[in-house]
Amino acid sequence: MDPLSELVNWATSHGVKLNGILPERIPGRGTGVLATRDIQADEIVLDVPTNCLRTLSTVPKGRLRKLSETNISVQGILAADLALDTSARYAPWDAVVPRAEDFVGMPLTWHADLQALLPHHGRELLAKQGAKFARDWDAVVAAFPELAKRKDGRHVYTHAWLLVNSRTFYYLNAALKRRRGATKDDHLTLQPVADLFNHTDEGGCHVAFGGDGFAFRATRAYRKGDEVRICYGRHGGDFLLVEYGFVMAPNCWDEVALDEVVLERFDEEQRERLEEAGFLGRYVLDRETVCHRTQVALRLLCCKVGEWMRFVSGNDDGEESQGAVDVLLLELLREYRRRVEEMVERIQRVEVGVQQQRDILTERWRQAHSLLDTRIANLGQEMKT
């Protein structure tokens, strides 16, 4: 029997209810969830009961006790449970999850030279992710040294950690509420069938959970054969690449970090002034315009300090300085676009990694180039009127 059919049979025998949908192989795109009939908006297409979830509460007590004595995240615990589990309890589910080689698009698995070519925000996200993985791996090694002694131990754990990283849902139960030091990032669960939904930036199924489990409700109508998706969150391309290993276009939540070209314009005194005001860094261009933080920062280069402080406090609308800010902004956007073009050319010359990794990295930079192109064109037109 096909592994996806076995999964559906196993899941339904445990109380999962599929209504008008089935997981299917999609040529060239892996696995997704398709409508098996016309679906109306507001229909519940999937119910996953609590007893099917893999959470902190389903980790064997002895294993959980050892891990809880270390500095490990809930993600790390769930990953350790996957890596150490030798039972057949979840065999039909385990058979359809991505293999280690399927995570080739995850920058955490890339050569360091390729990681260094990520956009600024992507590098920041990857640094945090890498530090979290390192802490979790050290904790698992301390609790279960036999895993580290295995020749493939780190490889097995990395695969499990990436599975949890890319396939969990937000979830909160009594065990998580009681966990000391737990943050929102620790409120995680794995669930069968639901983890096969692909991402859409808008219009995906509404996901809700309660005491009985998760319910997935269509927010629009689907025709038979349409792919049914959920939204993983309002994430830009850098986040999707680092956390999930893919980029998508179009993406209404995409944005580009401008810190690289903005911060270099400030001297030490100006940086201190921005930091004191809470406006140092995190400058962003989205699909429409640059953020308020960017407007504040650039005004420091275009105005006298008194006028700038009035703008920061809201006592000046910034109209008098807007023209100068726009000229500077246009200069910076053009400079960053030039650097993006150079980066795309540089990636083509890189020999580390595999072609798929270089292609996805190139695509991410091209998405940034598109955002810059659009804003440069629009800003140029605005300045003429």
# chains A, B, ... in the order shown; residues from 1 in each chain; ligands from 1
call {"tool": "select_by_dssp", "arguments": {"residues": "segment 117-203 of chain A", "states": "alpha helix (DSSP H)", "output": "PyMOL selection string"}}
result
chain A and resi 120-143+145-149+153-167+174-178
call {"tool": "closest_residue", "arguments": {"among": "A:Ala80, A:Val228, A:Leu241, A:Met309", "to": "Phe197 of chain A", "atoms": "only C-alpha atoms"}}
result
A:Val228
call {"tool": "residues_around", "arguments": {"residues": "Lys224 of chain A", "least_positions_apart": "5", "cutoff": "9 Å", "atoms": "only C-alpha atoms", "output": "list of chain:residue names"}}
result
A:Gly20, A:Leu34, A:Ala35, A:Thr36, A:Arg37, A:Asp38, A:Ile39
call {"tool": "closest_atom_pairs", "arguments": {"of": "segment 111-177 of chain A", "to": "segment 340-355 of chain A", "cutoff": "8 Å", "atoms": "only C-alpha atoms", "output": "JSON lines"}}
result
{"residue": "A:His111", "atom": "CA", "partner": "A:Gly353", "partner_atom": "CA", "distance": 6.0}
{"residue": "A:Asp113", "atom": "CA", "partner": "A:Val352", "partner_atom": "CA", "distance": 7.2}
{"residue": "A:Leu114", "atom": "CA", "partner": "A:Val352", "partner_atom": "CA", "distance": 6.9}
{"residue": "A:Leu117", "atom": "CA", "partner": "A:Met343", "partner_atom": "CA", "distance": 7.6}
call {"tool": "write_last_selection", "arguments": {"atoms": "all heavy atoms", "output": "PDB file, in the first residue's frame"}}
result
ATOM      1  N   HIS A 111      27.115  24.658   3.684  1.00  0.00           N
ATOM      2  CA  HIS A 111      28.510  24.996   3.922  1.00  0.00           C
ATOM      3  C   HIS A 111      28.576  26.435   4.445  1.00  0.00           C
ATOM      4  O   HIS A 111      27.813  27.310   4.034  1.00  0.00           O
ATOM      5  CB  HIS A 111      29.288  24.883   2.607  1.00  0.00           C
ATOM      6  CG  HIS A 111      30.766  24.986   2.755  1.00  0.00           C
ATOM      7  ND1 HIS A 111      31.414  26.191   2.952  1.00  0.00           N
ATOM      8  CD2 HIS A 111      31.743  24.036   2.732  1.00  0.00           C
ATOM      9  CE1 HIS A 111      32.709  25.995   3.042  1.00  0.00           C
ATOM     10  NE2 HIS A 111      32.951  24.688   2.904  1.00  0.00           N
ATOM     11  N   ASP A 113      30.550  28.831   3.875  1.00  0.00           N
ATOM     12  CA  ASP A 113      30.785  29.848   2.846  1.00  0.00           C
ATOM     13  C   ASP A 113      29.491  30.246   2.144  1.00  0.00           C
ATOM     14  O   ASP A 113      29.334  31.403   1.715  1.00  0.00           O
ATOM     15  CB  ASP A 113      31.786  29.333   1.809  1.00  0.00           C
ATOM     16  CG  ASP A 113      33.196  29.230   2.355  1.00  0.00           C
ATOM     17  OD1 ASP A 113      33.425  29.712   3.486  1.00  0.00           O
ATOM     18  OD2 ASP A 113      34.064  28.650   1.674  1.00  0.00           O
ATOM     19  N   LEU A 114      28.561  29.311   2.026  1.00  0.00           N
ATOM     20  CA  LEU A 114      27.274  29.606   1.408  1.00  0.00           C
ATOM     21  C   LEU A 114      26.362  30.322   2.404  1.00  0.00           C
ATOM     22  O   LEU A 114      25.620  31.237   2.033  1.00  0.00           O
ATOM     23  CB  LEU A 114      26.624  28.300   0.924  1.00  0.00           C
ATOM     24  CG  LEU A 114      25.658  28.394  -0.262  1.00  0.00           C
ATOM     25  CD1 LEU A 114      26.326  29.055  -1.456  1.00  0.00           C
ATOM     26  CD2 LEU A 114      25.133  27.022  -0.632  1.00  0.00           C
ATOM     27  N   LEU A 117      26.562  34.044   2.527  1.00  0.00           N
ATOM     28  CA  LEU A 117      26.002  34.811   1.412  1.00  0.00           C
ATOM     29  C   LEU A 117      24.502  35.044   1.563  1.00  0.00           C
ATOM     30  O   LEU A 117      23.876  35.598   0.665  1.00  0.00           O
ATOM     31  CB  LEU A 117      26.284  34.082   0.093  1.00  0.00           C
ATOM     32  CG  LEU A 117      27.761  33.838  -0.224  1.00  0.00           C
ATOM     33  CD1 LEU A 117      27.906  33.172  -1.590  1.00  0.00           C
ATOM     34  CD2 LEU A 117      28.562  35.123  -0.162  1.00  0.00           C
TER      35      LEU A 117
END
call {"tool": "closest_residue", "arguments": {"among": "A:Arg364, A:Lys184, A:Arg123, A:His292", "to": "Asn251 of chain A", "atoms": "only C-alpha atoms"}}
result
A:Arg364
call {"tool": "residues_around", "arguments": {"residues": "Ala215 of chain A", "least_positions_apart": "6", "cutoff": "8 Å", "atoms": "only C-alpha atoms", "output": "VMD selection string"}}
result
chain A and resid 44 to 48 207 to 209
call {"tool": "closest_residue", "arguments": {"among": "A:Met1, A:Ala88, A:Val284, A:Leu379", "to": "Glu260 of chain A", "atoms": "only C-alpha atoms"}}
result
A:Val284
call {"tool": "select_by_dssp", "arguments": {"residues": "segment 65-303 of chain A", "states": "strand (DSSP E or B)", "output": "VMD selection string"}}
result
chain A and resid 169 to 170 188 to 190 199 205 to 210 213 to 217 222 227 to 228 230 255 to 257 284 to 286 290
call {"tool": "closest_residue", "arguments": {"among": "A:Tyr222, A:Pro98, A:Thr58, A:Arg293", "to": "Glu275 of chain A", "atoms": "only C-alpha atoms"}}
result
A:Arg293
call {"tool": "residues_around", "arguments": {"residues": "Ala79 of chain A", "least_positions_apart": "2", "cutoff": "9 Å", "atoms": "only C-alpha atoms", "output": "mmCIF file with N, CA, C and O atoms, in the first residue's frame"}}
result
data_model
loop_
_atom_site.group_PDB
_atom_site.id
_atom_site.type_symbol
_atom_site.label_atom_id
_atom_site.label_comp_id
_atom_site.auth_asym_id
_atom_site.auth_seq_id
_atom_site.Cartn_x
_atom_site.Cartn_y
_atom_site.Cartn_z
ATOM 1 N N VAL A 74 11.965 22.793 24.330
ATOM 2 C CA VAL A 74 10.940 21.785 24.038
ATOM 3 C C VAL A 74 11.166 21.217 22.644
ATOM 4 O O VAL A 74 10.984 20.017 22.413
ATOM 5 N N GLN A 75 11.586 22.059 21.712
ATOM 6 C CA GLN A 75 11.926 21.562 20.376
ATOM 7 C C GLN A 75 13.009 20.501 20.464
ATOM 8 O O GLN A 75 12.934 19.456 19.810
ATOM 9 N N GLY A 76 14.020 20.760 21.278
ATOM 10 C CA GLY A 76 15.107 19.801 21.445
ATOM 11 C C GLY A 76 14.647 18.497 22.058
ATOM 12 O O GLY A 76 15.128 17.417 21.695
ATOM 13 N N ILE A 77 13.698 18.578 23.003
ATOM 14 C CA ILE A 77 13.159 17.369 23.634
ATOM 15 C C ILE A 77 12.376 16.541 22.625
ATOM 16 O O ILE A 77 12.550 15.315 22.533
ATOM 17 N N ASP A 81 13.204 12.795 21.273
ATOM 18 C CA ASP A 81 12.227 11.703 21.316
ATOM 19 C C ASP A 81 12.118 11.020 19.959
ATOM 20 O O ASP A 81 12.056 9.793 19.864
ATOM 21 N N LEU A 82 12.122 11.825 18.877
ATOM 22 C CA LEU A 82 12.085 11.250 17.533
ATOM 23 C C LEU A 82 13.355 10.447 17.252
ATOM 24 O O LEU A 82 13.298 9.339 16.696
ATOM 25 N N ALA A 83 14.497 11.002 17.635
ATOM 26 C CA ALA A 83 15.771 10.363 17.323
ATOM 27 C C ALA A 83 15.982 9.070 18.113
ATOM 28 O O ALA A 83 16.615 8.135 17.612
ATOM 29 N N LEU A 84 15.461 9.009 19.322
ATOM 30 C CA LEU A 84 15.697 7.859 20.199
ATOM 31 C C LEU A 84 14.602 6.800 20.114
ATOM 32 O O LEU A 84 14.781 5.675 20.595
ATOM 33 N N TYR A 157 20.115 13.159 14.901
ATOM 34 C CA TYR A 157 19.484 14.187 15.733
ATOM 35 C C TYR A 157 19.211 15.454 14.926
ATOM 36 O O TYR A 157 18.164 16.085 15.081
ATOM 37 N N THR A 158 20.137 15.825 14.053
ATOM 38 C CA THR A 158 19.918 17.008 13.213
ATOM 39 C C THR A 158 18.666 16.845 12.366
ATOM 40 O O THR A 158 17.849 17.773 12.244
ATOM 41 N N HIS A 159 18.500 15.667 11.777
ATOM 42 C CA HIS A 159 17.306 15.392 10.981
ATOM 43 C C HIS A 159 16.049 15.535 11.831
ATOM 44 O O HIS A 159 15.075 16.195 11.439
ATOM 45 N N ALA A 160 16.065 14.957 13.017
ATOM 46 C CA ALA A 160 14.905 15.037 13.903
ATOM 47 C C ALA A 160 14.632 16.481 14.316
ATOM 48 O O ALA A 160 13.480 16.926 14.369
ATOM 49 N N TRP A 161 15.688 17.220 14.604
ATOM 50 C CA TRP A 161 15.540 18.614 15.038
ATOM 51 C C TRP A 161 14.930 19.466 13.931
ATOM 52 O O TRP A 161 14.076 20.318 14.182
ATOM 53 N N LEU A 162 15.352 19.234 12.704
ATOM 54 C CA LEU A 162 14.799 19.986 11.582
ATOM 55 C C LEU A 162 13.354 19.592 11.304
ATOM 56 O O LEU A 162 12.545 20.431 10.872
ATOM 57 N N LEU A 163 13.018 18.328 11.523
ATOM 58 C CA LEU A 163 11.615 17.913 11.393
ATOM 59 C C LEU A 163 10.742 18.694 12.363
ATOM 60 O O LEU A 163 9.698 19.237 11.986
ATOM 61 N N VAL A 164 11.164 18.752 13.608
ATOM 62 C CA VAL A 164 10.389 19.483 14.615
ATOM 63 C C VAL A 164 10.369 20.975 14.276
ATOM 64 O O VAL A 164 9.332 21.640 14.397
ATOM 65 N N ASN A 165 11.490 21.493 13.834
ATOM 66 C CA ASN A 165 11.585 22.918 13.522
ATOM 67 C C ASN A 165 10.606 23.336 12.434
ATOM 68 O O ASN A 165 10.037 24.430 12.487
#
